[in-house]
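With TSV, C-alpha atoms and all ligand atoms inside, this is my_file_6.tsv:
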```tsv
chain	number	residue	atom	x	y	z
A	6	MET	CA	-24.29	-8.48	-13.03
A	7	ALA	CA	-24.52	-5.84	-10.32
A	8	SER	CA	-22.67	-2.61	-10.99
A	9	ALA	CA	-19.48	-1.86	-9.06
A	10	ASP	CA	-21.04	0.99	-7.13
A	11	ASP	CA	-24.13	-0.95	-6.06
A	12	PRO	CA	-23.83	-0.74	-2.26
A	13	TYR	CA	-25.21	-4.29	-1.92
A	14	ALA	CA	-23.19	-6.04	-4.63
A	15	ARG	CA	-19.97	-6.84	-2.79
A	16	ARG	CA	-19.17	-9.88	-0.64
A	17	ILE	CA	-16.94	-9.02	2.30
A	18	ILE	CA	-15.64	-11.39	4.97
A	19	HIS	CA	-14.20	-10.21	8.28
A	20	ILE	CA	-12.19	-12.75	10.23
A	21	ASP	CA	-11.17	-12.21	13.85
A	22	MET	CA	-9.30	-14.83	15.86
A	23	ASP	CA	-10.78	-15.84	19.23
A	24	ALA	CA	-8.96	-14.65	22.38
A	25	PHE	CA	-5.94	-14.52	20.13
A	26	TYR	CA	-2.85	-14.20	22.35
A	27	ALA	CA	-4.44	-16.36	25.05
A	28	ALA	CA	-5.45	-19.03	22.55
A	29	VAL	CA	-1.90	-19.22	21.19
A	30	GLU	CA	-0.54	-19.60	24.72
A	31	MET	CA	-3.03	-22.38	25.50
A	32	ARG	CA	-2.02	-24.15	22.32
A	33	GLU	CA	1.65	-23.96	23.34
A	34	ASP	CA	0.93	-25.22	26.86
A	35	PRO	CA	-2.22	-27.35	27.00
A	36	SER	CA	-2.02	-27.49	30.83
A	37	LEU	CA	-3.36	-23.91	30.73
A	38	ARG	CA	-6.61	-25.01	29.11
A	39	GLY	CA	-9.73	-24.64	31.17
A	40	ARG	CA	-8.06	-22.27	33.66
A	41	PRO	CA	-8.55	-18.49	33.72
A	42	LEU	CA	-5.64	-16.94	31.87
A	43	VAL	CA	-4.48	-13.37	31.27
A	44	VAL	CA	-1.81	-12.37	28.74
A	45	GLY	CA	0.07	-9.16	29.59
A	46	GLY	CA	0.37	-7.24	32.82
A	47	ASP	CA	1.59	-8.50	36.13
A	48	PRO	CA	-0.51	-8.75	39.31
A	49	GLU	CA	2.28	-7.48	41.56
A	50	ARG	CA	3.22	-4.43	39.57
A	51	ARG	CA	1.49	-2.13	37.18
A	52	GLY	CA	0.34	-3.06	33.71
A	53	THR	CA	-2.78	-3.95	31.83
A	54	VAL	CA	-4.40	-7.03	30.42
A	55	ALA	CA	-3.69	-7.42	26.67
A	56	THR	CA	-6.27	-10.17	26.43
A	57	CYS	CA	-7.62	-13.11	28.41
A	58	ASN	CA	-9.25	-16.42	27.66
A	59	TYR	CA	-13.00	-16.99	27.91
A	60	GLU	CA	-12.65	-18.62	31.35
A	61	ALA	CA	-11.19	-15.34	32.67
A	62	ARG	CA	-13.88	-13.31	30.87
A	63	ALA	CA	-16.48	-15.14	32.96
A	64	TYR	CA	-15.06	-13.21	35.94
A	65	GLY	CA	-15.50	-9.90	34.13
A	66	ILE	CA	-11.86	-9.59	33.13
A	67	HIS	CA	-11.22	-7.92	29.76
A	68	SER	CA	-8.57	-6.29	27.54
A	69	ALA	CA	-7.07	-3.02	28.81
A	70	MET	CA	-8.13	-3.69	32.42
A	71	ALA	CA	-5.52	-3.02	35.13
A	72	SER	CA	-3.91	-6.33	36.05
A	73	ARG	CA	-4.53	-5.66	39.73
A	74	THR	CA	-8.24	-5.42	39.07
A	75	ALA	CA	-8.08	-8.67	37.14
A	76	LYS	CA	-6.35	-10.34	40.07
A	77	LYS	CA	-9.02	-9.01	42.43
A	78	ARG	CA	-11.81	-10.35	40.25
A	79	CYS	CA	-10.20	-13.76	40.05
A	80	PRO	CA	-7.37	-14.41	42.53
A	81	GLU	CA	-6.32	-17.68	40.88
A	82	VAL	CA	-5.95	-16.15	37.41
A	83	ILE	CA	-2.68	-17.06	35.67
A	84	PHE	CA	-0.63	-14.22	34.16
A	85	ILE	CA	1.49	-14.86	31.08
A	86	ARG	CA	4.03	-12.55	29.51
A	87	PRO	CA	3.20	-11.85	25.85
A	88	ARG	CA	5.37	-13.43	23.18
A	89	PHE	CA	4.85	-11.17	20.19
A	90	ASP	CA	7.16	-13.11	17.85
A	91	LEU	CA	4.94	-16.11	18.27
A	92	TYR	CA	1.75	-14.12	17.60
A	93	ARG	CA	3.33	-12.50	14.56
A	94	ALA	CA	4.28	-15.90	13.16
A	95	VAL	CA	0.70	-17.18	13.56
A	96	SER	CA	-0.58	-13.96	12.05
A	97	ALA	CA	1.62	-14.53	8.97
A	98	GLU	CA	0.23	-18.06	8.67
A	99	ILE	CA	-3.38	-16.92	8.66
A	100	ARG	CA	-2.57	-14.16	6.18
A	101	GLU	CA	-1.10	-16.75	3.82
A	102	ILE	CA	-4.37	-18.65	4.04
A	103	PHE	CA	-6.44	-15.51	3.30
A	104	LEU	CA	-4.35	-14.79	0.22
A	105	GLN	CA	-5.21	-18.16	-1.24
A	106	TYR	CA	-8.81	-16.97	-1.60
A	107	THR	CA	-8.34	-13.39	-2.79
A	108	PRO	CA	-5.56	-10.82	-3.20
A	109	LYS	CA	-7.90	-8.26	-1.61
A	110	VAL	CA	-6.91	-8.80	2.02
A	111	GLU	CA	-6.76	-5.84	4.42
A	112	PRO	CA	-5.24	-6.76	7.79
A	113	LEU	CA	-6.41	-4.59	10.68
A	114	SER	CA	-4.20	-6.10	13.35
A	115	LEU	CA	-2.37	-9.36	13.96
A	116	ASP	CA	-5.60	-11.29	14.42
A	117	GLU	CA	-8.15	-9.72	12.08
A	118	ALA	CA	-8.59	-8.86	8.43
A	119	TYR	CA	-11.15	-7.96	5.82
A	120	LEU	CA	-11.35	-9.99	2.62
A	121	ASP	CA	-13.22	-8.91	-0.48
A	122	VAL	CA	-14.32	-12.16	-2.14
A	123	THR	CA	-16.74	-10.57	-4.60
A	124	GLY	CA	-15.00	-12.00	-7.65
A	125	CYS	CA	-13.91	-15.25	-6.00
A	126	ARG	CA	-15.05	-18.30	-7.96
A	127	LEU	CA	-14.48	-20.92	-5.26
A	128	PHE	CA	-17.57	-22.61	-3.86
A	129	GLY	CA	-19.67	-21.18	-6.64
A	130	GLY	CA	-18.87	-17.71	-5.31
A	131	ILE	CA	-20.92	-18.32	-2.14
A	132	ALA	CA	-19.20	-16.15	0.47
A	133	THR	CA	-20.58	-18.13	3.43
A	134	ASP	CA	-19.03	-21.33	2.11
A	135	ILE	CA	-15.76	-19.51	1.45
A	136	ALA	CA	-15.75	-18.20	5.03
A	137	ARG	CA	-16.44	-21.68	6.40
A	138	ASP	CA	-13.55	-23.05	4.38
A	139	ILE	CA	-11.20	-20.32	5.60
A	140	LYS	CA	-12.09	-21.13	9.20
A	141	ARG	CA	-11.47	-24.82	8.54
A	142	ARG	CA	-8.07	-24.09	6.98
A	143	ILE	CA	-7.06	-21.84	9.87
A	144	LEU	CA	-7.96	-24.53	12.38
A	145	GLU	CA	-6.13	-27.18	10.38
A	146	LYS	CA	-2.98	-25.09	10.04
A	147	THR	CA	-2.81	-23.33	13.42
A	148	ARG	CA	-5.09	-25.39	15.71
A	149	LEU	CA	-6.82	-22.10	16.60
A	150	THR	CA	-10.34	-20.89	15.99
A	151	GLY	CA	-11.45	-17.63	14.49
A	152	SER	CA	-14.86	-16.08	13.96
A	153	ALA	CA	-16.13	-14.91	10.59
A	154	GLY	CA	-18.63	-12.28	9.59
A	155	VAL	CA	-19.99	-12.27	6.06
A	156	SER	CA	-21.83	-9.31	4.62
A	157	TYR	CA	-22.03	-6.82	1.78
A	158	ASN	CA	-19.74	-4.23	3.39
A	159	LYS	CA	-16.90	-3.84	5.89
A	160	PHE	CA	-19.00	-2.27	8.64
A	161	LEU	CA	-21.51	-5.13	8.81
A	162	ALA	CA	-18.97	-7.91	8.22
A	163	LYS	CA	-17.08	-6.72	11.30
A	164	ILE	CA	-20.22	-6.44	13.40
A	165	ALA	CA	-21.17	-9.94	12.25
A	166	SER	CA	-17.86	-11.59	13.16
A	167	ASP	CA	-18.37	-10.42	16.74
A	168	MET	CA	-21.92	-11.74	17.05
A	169	ASN	CA	-21.24	-15.43	17.69
A	170	LYS	CA	-17.79	-15.61	19.20
A	171	PRO	CA	-15.96	-17.94	19.66
A	172	ASP	CA	-15.77	-20.06	16.49
A	173	GLY	CA	-18.71	-18.19	14.96
A	174	LEU	CA	-19.86	-17.76	11.39
A	175	THR	CA	-22.49	-15.05	10.99
A	176	VAL	CA	-24.04	-13.77	7.81
A	177	VAL	CA	-25.77	-10.40	7.45
A	178	ARG	CA	-27.69	-10.27	4.17
A	179	PRO	CA	-28.56	-7.03	2.38
A	180	GLU	CA	-32.20	-7.30	3.42
A	181	ASP	CA	-31.23	-7.63	7.09
A	182	GLY	CA	-28.53	-4.93	7.22
A	183	PRO	CA	-30.69	-1.86	7.85
A	184	LYS	CA	-32.69	-3.58	10.62
A	185	LEU	CA	-29.55	-4.78	12.37
A	186	VAL	CA	-28.02	-1.31	12.21
A	187	ALA	CA	-31.19	0.29	13.60
A	188	HIS	CA	-30.78	-1.67	16.85
A	189	LEU	CA	-27.05	-1.15	17.10
A	190	PRO	CA	-25.69	1.11	19.87
A	191	ILE	CA	-23.95	4.05	18.24
A	192	ARG	CA	-20.67	3.16	19.97
A	193	LYS	CA	-20.43	0.00	17.84
A	194	PHE	CA	-20.34	1.98	14.60
A	195	PHE	CA	-17.00	2.00	12.86
A	196	GLY	CA	-15.20	5.28	13.50
A	197	ILE	CA	-17.40	6.36	16.40
A	198	GLY	CA	-15.22	6.48	19.48
A	199	PRO	CA	-16.16	7.51	23.01
A	200	VAL	CA	-15.92	11.25	22.24
A	201	THR	CA	-18.22	11.23	19.21
A	202	ALA	CA	-20.57	8.81	20.98
A	203	ALA	CA	-20.85	11.22	23.92
A	204	ARG	CA	-21.52	14.10	21.55
A	205	MET	CA	-24.20	12.12	19.77
A	206	LYS	CA	-25.77	11.15	23.07
A	207	GLU	CA	-26.19	14.83	23.87
A	208	LEU	CA	-28.06	15.13	20.58
A	209	GLY	CA	-30.27	12.23	21.56
A	210	ILE	CA	-28.56	9.75	19.24
A	211	GLU	CA	-27.97	6.42	20.94
A	212	THR	CA	-28.77	3.84	18.29
A	213	GLY	CA	-28.58	3.46	14.54
A	214	ALA	CA	-32.31	4.20	14.36
A	215	ASP	CA	-31.77	7.53	16.19
A	216	LEU	CA	-28.96	8.42	13.80
A	217	GLY	CA	-31.13	7.47	10.82
A	218	GLN	CA	-33.62	10.18	11.76
A	219	TRP	CA	-31.10	12.91	10.95
A	220	PRO	CA	-31.01	14.33	7.43
A	221	LEU	CA	-27.59	14.77	5.89
A	222	GLU	CA	-27.88	18.57	5.91
A	223	ARG	CA	-28.18	18.54	9.69
A	224	LEU	CA	-25.32	16.10	10.23
A	225	GLN	CA	-22.92	18.00	7.97
A	226	PRO	CA	-22.45	21.14	10.09
A	227	LEU	CA	-21.97	18.95	13.18
A	228	PHE	CA	-19.68	16.21	11.85
A	229	GLY	CA	-18.07	17.71	8.74
A	230	LYS	CA	-16.49	15.22	6.40
A	231	HIS	CA	-17.66	12.24	8.48
A	232	ALA	CA	-21.32	13.21	8.15
A	233	GLU	CA	-21.88	11.31	4.95
A	234	TYR	CA	-20.38	8.11	6.34
A	235	TYR	CA	-22.63	8.33	9.41
A	236	TYR	CA	-25.65	9.05	7.25
A	237	GLN	CA	-24.99	6.01	5.10
A	238	ALA	CA	-23.94	3.73	7.96
A	239	ALA	CA	-27.26	4.41	9.70
A	240	ARG	CA	-28.89	2.88	6.60
A	241	GLY	CA	-26.60	-0.15	6.57
A	242	VAL	CA	-24.51	1.27	3.74
A	243	ASP	CA	-20.71	1.48	3.83
A	244	LEU	CA	-18.84	2.12	0.60
A	245	ARG	CA	-15.31	1.79	1.96
A	246	GLU	CA	-13.15	-0.50	-0.15
A	247	VAL	CA	-11.07	-3.36	1.21
A	248	GLU	CA	-7.56	-1.93	0.87
A	249	PRO	CA	-4.81	-4.51	0.54
A	250	ASP	CA	-1.58	-3.39	2.16
A	251	ARG	CA	0.76	-3.95	-0.74
A	252	PRO	CA	4.19	-2.42	-0.39
A	253	ARG	CA	4.34	0.88	-2.26
A	254	LYS	CA	5.89	0.66	-5.70
A	255	SER	CA	6.16	4.39	-6.35
A	256	LEU	CA	5.54	7.83	-4.90
A	257	GLY	CA	4.47	10.76	-7.00
A	258	SER	CA	2.97	14.20	-7.10
A	259	GLU	CA	1.25	16.03	-9.93
A	260	THR	CA	-0.49	19.27	-10.64
A	261	THR	CA	-3.10	20.42	-13.14
A	262	PHE	CA	-2.83	24.05	-14.22
A	263	VAL	CA	-5.75	26.42	-14.10
A	264	GLN	CA	-4.66	27.55	-17.56
A	265	ASP	CA	-2.54	25.38	-19.87
A	266	ILE	CA	1.09	26.51	-20.04
A	267	GLN	CA	3.65	26.59	-22.86
A	268	ASP	CA	6.70	28.16	-21.30
A	269	LEU	CA	9.46	25.62	-20.59
A	270	GLU	CA	10.88	27.59	-17.67
A	271	GLU	CA	7.47	27.73	-16.04
A	272	MET	CA	7.05	23.99	-16.52
A	273	LEU	CA	10.42	23.31	-14.97
A	274	ASN	CA	9.56	25.37	-11.91
A	275	ALA	CA	6.29	23.49	-11.50
A	276	LEU	CA	8.14	20.19	-11.78
A	277	LYS	CA	10.68	21.26	-9.16
A	278	LEU	CA	7.85	21.98	-6.74
A	279	ARG	CA	6.38	18.53	-7.40
A	280	ALA	CA	9.81	16.96	-6.94
A	281	ARG	CA	10.11	18.66	-3.59
A	282	GLU	CA	6.75	17.24	-2.51
A	283	VAL	CA	7.90	13.79	-3.53
A	284	ALA	CA	11.19	14.20	-1.67
A	285	LEU	CA	9.31	15.22	1.48
A	286	ASP	CA	7.02	12.25	1.14
A	287	LEU	CA	9.94	9.87	0.61
A	288	GLN	CA	11.67	11.43	3.58
A	289	GLU	CA	8.66	10.93	5.79
A	290	LYS	CA	8.39	7.28	4.79
A	291	GLN	CA	12.17	6.77	4.97
A	292	LEU	CA	12.26	5.61	1.37
A	293	THR	CA	14.28	6.45	-1.69
A	294	GLY	CA	14.26	5.13	-5.27
A	295	LYS	CA	16.27	4.62	-8.43
A	296	THR	CA	13.88	5.81	-11.11
A	297	VAL	CA	12.54	9.31	-11.74
A	298	THR	CA	9.61	9.73	-14.14
A	299	VAL	CA	8.15	12.92	-15.54
A	300	LYS	CA	4.56	12.85	-16.75
A	301	VAL	CA	3.14	15.42	-19.13
A	302	LYS	CA	-0.49	15.70	-20.15
A	303	PHE	CA	-1.18	18.01	-23.10
A	304	SER	CA	-4.23	20.18	-23.61
A	305	ASP	CA	-5.75	17.47	-25.84
A	306	PHE	CA	-5.38	15.04	-22.90
A	307	THR	CA	-2.73	12.88	-24.58
A	308	GLN	CA	-0.07	11.86	-22.14
A	309	VAL	CA	3.66	11.21	-22.31
A	310	THR	CA	6.04	9.88	-19.64
A	311	ARG	CA	9.83	9.89	-19.69
A	312	SER	CA	12.01	8.14	-17.12
A	313	HIS	CA	15.58	7.98	-16.00
A	314	SER	CA	16.99	5.20	-13.85
A	315	PHE	CA	20.11	5.76	-11.79
A	316	ASP	CA	22.52	2.93	-10.97
A	317	ARG	CA	22.04	3.61	-7.29
A	318	PRO	CA	19.09	4.94	-5.29
A	319	LEU	CA	18.82	8.72	-5.05
A	320	THR	CA	20.69	10.27	-2.18
A	321	SER	CA	19.50	13.86	-2.62
A	322	TYR	CA	16.73	16.11	-3.90
A	323	ARG	CA	19.35	17.87	-6.06
A	324	GLN	CA	19.99	14.66	-7.95
A	325	MET	CA	16.30	14.40	-8.74
A	326	VAL	CA	16.08	18.03	-9.83
A	327	ALA	CA	19.18	17.74	-12.03
A	328	ILE	CA	17.51	15.19	-14.26
A	329	LEU	CA	14.23	17.10	-14.68
A	330	PRO	CA	15.23	19.45	-17.59
A	331	ASP	CA	16.31	16.52	-19.73
A	332	LEU	CA	13.18	14.48	-18.97
A	333	LEU	CA	10.94	17.48	-19.62
A	334	ARG	CA	12.64	18.27	-22.92
A	335	ARG	CA	12.19	14.67	-24.04
A	336	ALA	CA	8.51	14.67	-23.06
A	337	THR	CA	7.36	17.98	-24.53
A	338	GLU	CA	7.26	19.59	-27.94
A	339	PRO	CA	7.88	23.32	-28.44
A	340	GLY	CA	4.67	25.32	-28.63
A	341	ARG	CA	2.45	22.47	-27.42
A	342	ALA	CA	0.33	23.52	-24.43
A	343	VAL	CA	0.51	21.44	-21.27
A	344	ARG	CA	-2.32	20.98	-18.77
A	345	LEU	CA	-0.70	18.66	-16.21
A	346	LEU	CA	2.79	17.87	-14.96
A	347	GLY	CA	3.91	15.24	-12.51
A	348	VAL	CA	7.00	13.62	-11.00
A	349	THR	CA	7.18	10.06	-9.71
A	350	VAL	CA	9.99	8.14	-8.02
A	351	SER	CA	9.83	4.36	-8.35
A	352	ASN	CA	11.98	1.29	-7.73
A	353	LEU	CA	11.70	2.22	-4.08
A	354	VAL	CA	14.02	0.96	-1.37
A	355	PRO	CA	14.34	1.81	2.32
A	356	HIS	CA	16.42	4.93	2.81
A	357	SER	CA	18.01	4.25	6.09
A	358	ASP	CA	20.70	3.54	8.41
A	359	GLU	CA	23.45	1.71	6.64
A	360	GLU	CA	25.79	3.90	8.61
A	361	GLY	CA	23.89	4.05	11.83
A	362	PRO	CA	20.62	4.97	13.45
A	363	VAL	CA	20.55	8.55	12.13
A	364	GLN	CA	17.56	9.22	9.88
A	365	ARG	CA	18.82	10.15	6.44
A	366	SER	CA	17.46	13.05	4.53
A	367	LEU	CA	16.95	13.55	0.83
A	368	LEU	CA	16.55	17.29	1.28
B	401	LIG	P1	-9.13	-8.72	19.91
B	401	LIG	O1	-9.48	-9.41	18.65
B	401	LIG	O2	-9.83	-7.47	20.25
B	401	LIG	O3	-9.34	-9.71	21.14
B	401	LIG	P2	-9.10	-11.25	21.26
B	401	LIG	O4	-8.71	-11.86	19.97
B	401	LIG	O5	-8.12	-11.51	22.36
B	401	LIG	O6	-10.50	-11.78	21.72
B	401	LIG	P3	-11.85	-11.91	20.88
B	401	LIG	O7	-11.54	-11.42	19.51
B	401	LIG	O8	-12.19	-13.37	20.90
B	401	LIG	O9	-12.85	-11.08	21.60
B	401	LIG	O10	-7.59	-8.40	19.93
B	401	LIG	C1	-6.62	-9.29	19.35
B	401	LIG	C2	-5.35	-9.30	20.16
B	401	LIG	O11	-4.83	-8.00	20.28
B	401	LIG	C3	-5.56	-9.80	21.58
B	401	LIG	O12	-5.46	-11.22	21.66
B	401	LIG	C4	-4.50	-9.07	22.33
B	401	LIG	C5	-4.27	-7.80	21.58
B	401	LIG	N1	-4.92	-6.66	22.29
B	401	LIG	C6	-4.15	-5.88	23.15
B	401	LIG	O13	-2.95	-6.12	23.30
B	401	LIG	N2	-4.75	-4.84	23.82
B	401	LIG	C7	-6.09	-4.56	23.68
B	401	LIG	O14	-6.60	-3.63	24.33
B	401	LIG	C8	-6.87	-5.36	22.79
B	401	LIG	C9	-8.35	-5.08	22.60
B	401	LIG	C10	-6.24	-6.40	22.12
B	402	MG	MG	-9.78	-11.41	18.20
```
Could I get this structure in the form of structure tokens?
Amino acid sequence: MASADDPYARRIIHIDMDAFYAAVEMREDPSLRGRPLVVGGDPERRGTVATCNYEARAYGIHSAMASRTAKKRCPEVIFIRPRFDLYRAVSAEIREIFLQYTPKVEPLSLDEAYLDVTGCRLFGGIATDIARDIKRRILEKTRLTGSAGVSYNKFLAKIASDMNKPDGLTVVRPEDGPKLVAHLPIRKFFGIGPVTAARMKELGIETGADLGQWPLERLQPLFGKHAEYYYQAARGVDLREVEPDRPRKSLGSETTFVQDIQDLEEMLNALKLRAREVALDLQEKQLTGKTVTVKVKFSDFTQVTRSHSFDRPLTSYRQMVAILPDLLRRATEPGRAVRLLGVTVSNLVPHSDEEGPVQRSLL
């Protein structure tokens, strides 16, 4: 069995629906099929193309183009107003399908997602067969096509799904990854936008092969914390995990002391600071919660947690702070040195607007 940090061991699928909004509209009104179609914008006024079908793309029309330009390129193009509720409903349907194969689904937008199927036992664990089955299920359920890319990381799975659109299924195997990346224009790399691409061009970097010439020590001063990703990507390696967007169950903050502490007052002050961090974080996310937990790690690394649940969600930072002395006392023992303290709020609920649109504050 390959180890978890083997950069070639994972099986990642990227699915991207074909001409998504336009395809949904053609499904809803089959008389639109075969005719150039733009969703979004309006030829008479301002606005831009959200997407267009492949018939319109043949005229050089594309997403984000001014609708007037689209109209100029193809005077008979049909403009349709977007119906986001409809697209969201289809998006939820395809997400349901994804989740039947793996819980590790990371949606990127309404029409695309990464799936990590490394541990998936269906089809003997063969990712290509899994991808084919997902496409089949999507078509069956929504009467729409999507394109799939299958590879050993997110970067290459996404490149692959774009290679044979529409209705494509493209596999990039570990032995082919580095070669594919070498030929890739730098602009196609994940995380390299127009600004970075222009900067790299000045340095003579236009393809993956150009980027691969640069040692990490030379990339670091130029690109800081992104340097390592670029360095690896140029070799067909991308260690980013597929991150499922589960709703948050808790928010917390903790601190490890430079030197273990024993003084209860000092501990309480540290906890109050953590609680304030948590309150700010909750505030930012417009959440609150019913349960406050204090975590204590002793110098021998054993750990204790103590919680208190309120009947109703917290309405203030004060309320959180008021419970801390009791929780701390229950978690610690006199004279026992502590190396880490943390506060977590769980049983989260939205902290908003029962009484109106005003944002509510815990602080
Ligand atoms: P994309 O997947 O980029 O485009 P697409 O699905 O229309 O076409 P294809 O994947 O076959 O190339 O985007 C998905 C949807 O997101 C698209 O249908 C409309 C919307 N969108 C915008 O509203 N504005 C944009 O600039 C882009 C790129 C997409
Ligand atoms: Mg798409």
Gap from CA of Val110 (chain A) to CA of Ile139 (chain A) - Å, one decimal: 12.8 Å
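Taking CA of Ala187 (chain A) as the reference point, CA of Glu211 (chain A) is found at 10.1 Å.
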Mind running chain A against ligand MG 402 (chain B) at 12 Å and telling me each contacting residue's nearest atom pair with the distance in Å (one decimal), counting only C-alpha atoms and all ligand atoms, chain and number ascending, as CSV?
```
residue,atom,partner,partner_atom,distance
A:His19,CA,B:MG402,MG,10.9
A:Ile20,CA,B:MG402,MG,8.4
A:Asp21,CA,B:MG402,MG,4.6
A:Met22,CA,B:MG402,MG,4.2
A:Asp23,CA,B:MG402,MG,4.7
A:Ala24,CA,B:MG402,MG,5.4
A:Phe25,CA,B:MG402,MG,5.3
A:Tyr26,CA,B:MG402,MG,8.5
A:Ala27,CA,B:MG402,MG,10.0
A:Ala28,CA,B:MG402,MG,9.8
A:Val29,CA,B:MG402,MG,11.5
A:Ala55,CA,B:MG402,MG,11.2
A:Thr56,CA,B:MG402,MG,9.0
A:Cys57,CA,B:MG402,MG,10.6
A:Asn58,CA,B:MG402,MG,10.7
A:Tyr59,CA,B:MG402,MG,11.7
A:Ser68,CA,B:MG402,MG,10.7
A:Tyr92,CA,B:MG402,MG,11.9
A:Ser96,CA,B:MG402,MG,11.4
A:Leu113,CA,B:MG402,MG,10.7
A:Ser114,CA,B:MG402,MG,9.1
A:Leu115,CA,B:MG402,MG,8.8
A:Asp116,CA,B:MG402,MG,5.6
A:Glu117,CA,B:MG402,MG,6.6
A:Ala118,CA,B:MG402,MG,10.2
A:Leu149,CA,B:MG402,MG,11.2
A:Thr150,CA,B:MG402,MG,9.8
A:Gly151,CA,B:MG402,MG,7.4
A:Ser152,CA,B:MG402,MG,8.1
A:Ala153,CA,B:MG402,MG,10.5
A:Lys163,CA,B:MG402,MG,11.1
A:Ser166,CA,B:MG402,MG,9.5
A:Asp167,CA,B:MG402,MG,8.8
A:Lys170,CA,B:MG402,MG,9.1
A:Pro171,CA,B:MG402,MG,9.1
A:Asp172,CA,B:MG402,MG,10.7
A:Gly173,CA,B:MG402,MG,11.7
```
Store the residues of this selection in a file with C-alpha atoms, as a PDB file, in the coordinates of the input.
```
ATOM      1  CA  HIS A  19     -14.200 -10.210   8.280  1.00  0.00           C
ATOM      2  CA  ILE A  20     -12.190 -12.750  10.230  1.00  0.00           C
ATOM      3  CA  ASP A  21     -11.170 -12.210  13.850  1.00  0.00           C
ATOM      4  CA  MET A  22      -9.300 -14.830  15.860  1.00  0.00           C
ATOM      5  CA  ASP A  23     -10.780 -15.840  19.230  1.00  0.00           C
ATOM      6  CA  ALA A  24      -8.960 -14.650  22.380  1.00  0.00           C
ATOM      7  CA  PHE A  25      -5.940 -14.520  20.130  1.00  0.00           C
ATOM      8  CA  TYR A  26      -2.850 -14.200  22.350  1.00  0.00           C
ATOM      9  CA  ALA A  27      -4.440 -16.360  25.050  1.00  0.00           C
ATOM     10  CA  ALA A  28      -5.450 -19.030  22.550  1.00  0.00           C
ATOM     11  CA  VAL A  29      -1.900 -19.220  21.190  1.00  0.00           C
ATOM     12  CA  ALA A  55      -3.690  -7.420  26.670  1.00  0.00           C
ATOM     13  CA  THR A  56      -6.270 -10.170  26.430  1.00  0.00           C
ATOM     14  CA  CYS A  57      -7.620 -13.110  28.410  1.00  0.00           C
ATOM     15  CA  ASN A  58      -9.250 -16.420  27.660  1.00  0.00           C
ATOM     16  CA  TYR A  59     -13.000 -16.990  27.910  1.00  0.00           C
ATOM     17  CA  SER A  68      -8.570  -6.290  27.540  1.00  0.00           C
ATOM     18  CA  TYR A  92       1.750 -14.120  17.600  1.00  0.00           C
ATOM     19  CA  SER A  96      -0.580 -13.960  12.050  1.00  0.00           C
ATOM     20  CA  LEU A 113      -6.410  -4.590  10.680  1.00  0.00           C
ATOM     21  CA  SER A 114      -4.200  -6.100  13.350  1.00  0.00           C
ATOM     22  CA  LEU A 115      -2.370  -9.360  13.960  1.00  0.00           C
ATOM     23  CA  ASP A 116      -5.600 -11.290  14.420  1.00  0.00           C
ATOM     24  CA  GLU A 117      -8.150  -9.720  12.080  1.00  0.00           C
ATOM     25  CA  ALA A 118      -8.590  -8.860   8.430  1.00  0.00           C
ATOM     26  CA  LEU A 149      -6.820 -22.100  16.600  1.00  0.00           C
ATOM     27  CA  THR A 150     -10.340 -20.890  15.990  1.00  0.00           C
ATOM     28  CA  GLY A 151     -11.450 -17.630  14.490  1.00  0.00           C
ATOM     29  CA  SER A 152     -14.860 -16.080  13.960  1.00  0.00           C
ATOM     30  CA  ALA A 153     -16.130 -14.910  10.590  1.00  0.00           C
ATOM     31  CA  LYS A 163     -17.080  -6.720  11.300  1.00  0.00           C
ATOM     32  CA  SER A 166     -17.860 -11.590  13.160  1.00  0.00           C
ATOM     33  CA  ASP A 167     -18.370 -10.420  16.740  1.00  0.00           C
ATOM     34  CA  LYS A 170     -17.790 -15.610  19.200  1.00  0.00           C
ATOM     35  CA  PRO A 171     -15.960 -17.940  19.660  1.00  0.00           C
ATOM     36  CA  ASP A 172     -15.770 -20.060  16.490  1.00  0.00           C
ATOM     37  CA  GLY A 173     -18.710 -18.190  14.960  1.00  0.00           C
TER      38      GLY A 173
END
```
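Using all atoms listed in the file for every distance, the candidate list A:Pro87, A:Gly213, A:Gly241, A:Gly229 yields A:Gly241 as the residue closest to Tyr157 (chain A).
Between CA of Arg281 (chain A) and CA of Glu338 (chain A) the separation is 24.5 Å.
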Skipping near chain neighbours, those fewer than 4 positions away, what residues fall within 9 Å of Phe160 (chain A) using only C-alpha atoms, listed as a PDB file with C-alpha atoms, in the coordinates of the input?
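What landed in selection_36.pdb:
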```pdb
ATOM      1  CA  SER A 156     -21.830  -9.310   4.620  1.00  0.00           C
ATOM      2  CA  ILE A 164     -20.220  -6.440  13.400  1.00  0.00           C
ATOM      3  CA  ALA A 165     -21.170  -9.940  12.250  1.00  0.00           C
ATOM      4  CA  PHE A 194     -20.340   1.980  14.600  1.00  0.00           C
ATOM      5  CA  PHE A 195     -17.000   2.000  12.860  1.00  0.00           C
ATOM      6  CA  ALA A 238     -23.940   3.730   7.960  1.00  0.00           C
ATOM      7  CA  GLY A 241     -26.600  -0.150   6.570  1.00  0.00           C
ATOM      8  CA  VAL A 242     -24.510   1.270   3.740  1.00  0.00           C
ATOM      9  CA  ASP A 243     -20.710   1.480   3.830  1.00  0.00           C
ATOM     10  CA  ARG A 245     -15.310   1.790   1.960  1.00  0.00           C
TER      11      ARG A 245
END
```
If I wrap all listed atoms of ligand LIG 401 (chain B) in a box with edges along x, y and z and add 4 Å on each side, what are its centre and edge lengths in Å to one decimal, as lines of an AutoDock Vina configuration file?
```
center_x = -7.9
center_y = -8.5
center_z = 21.5
size_x = 17.9
size_y = 17.7
size_z = 13.7
```
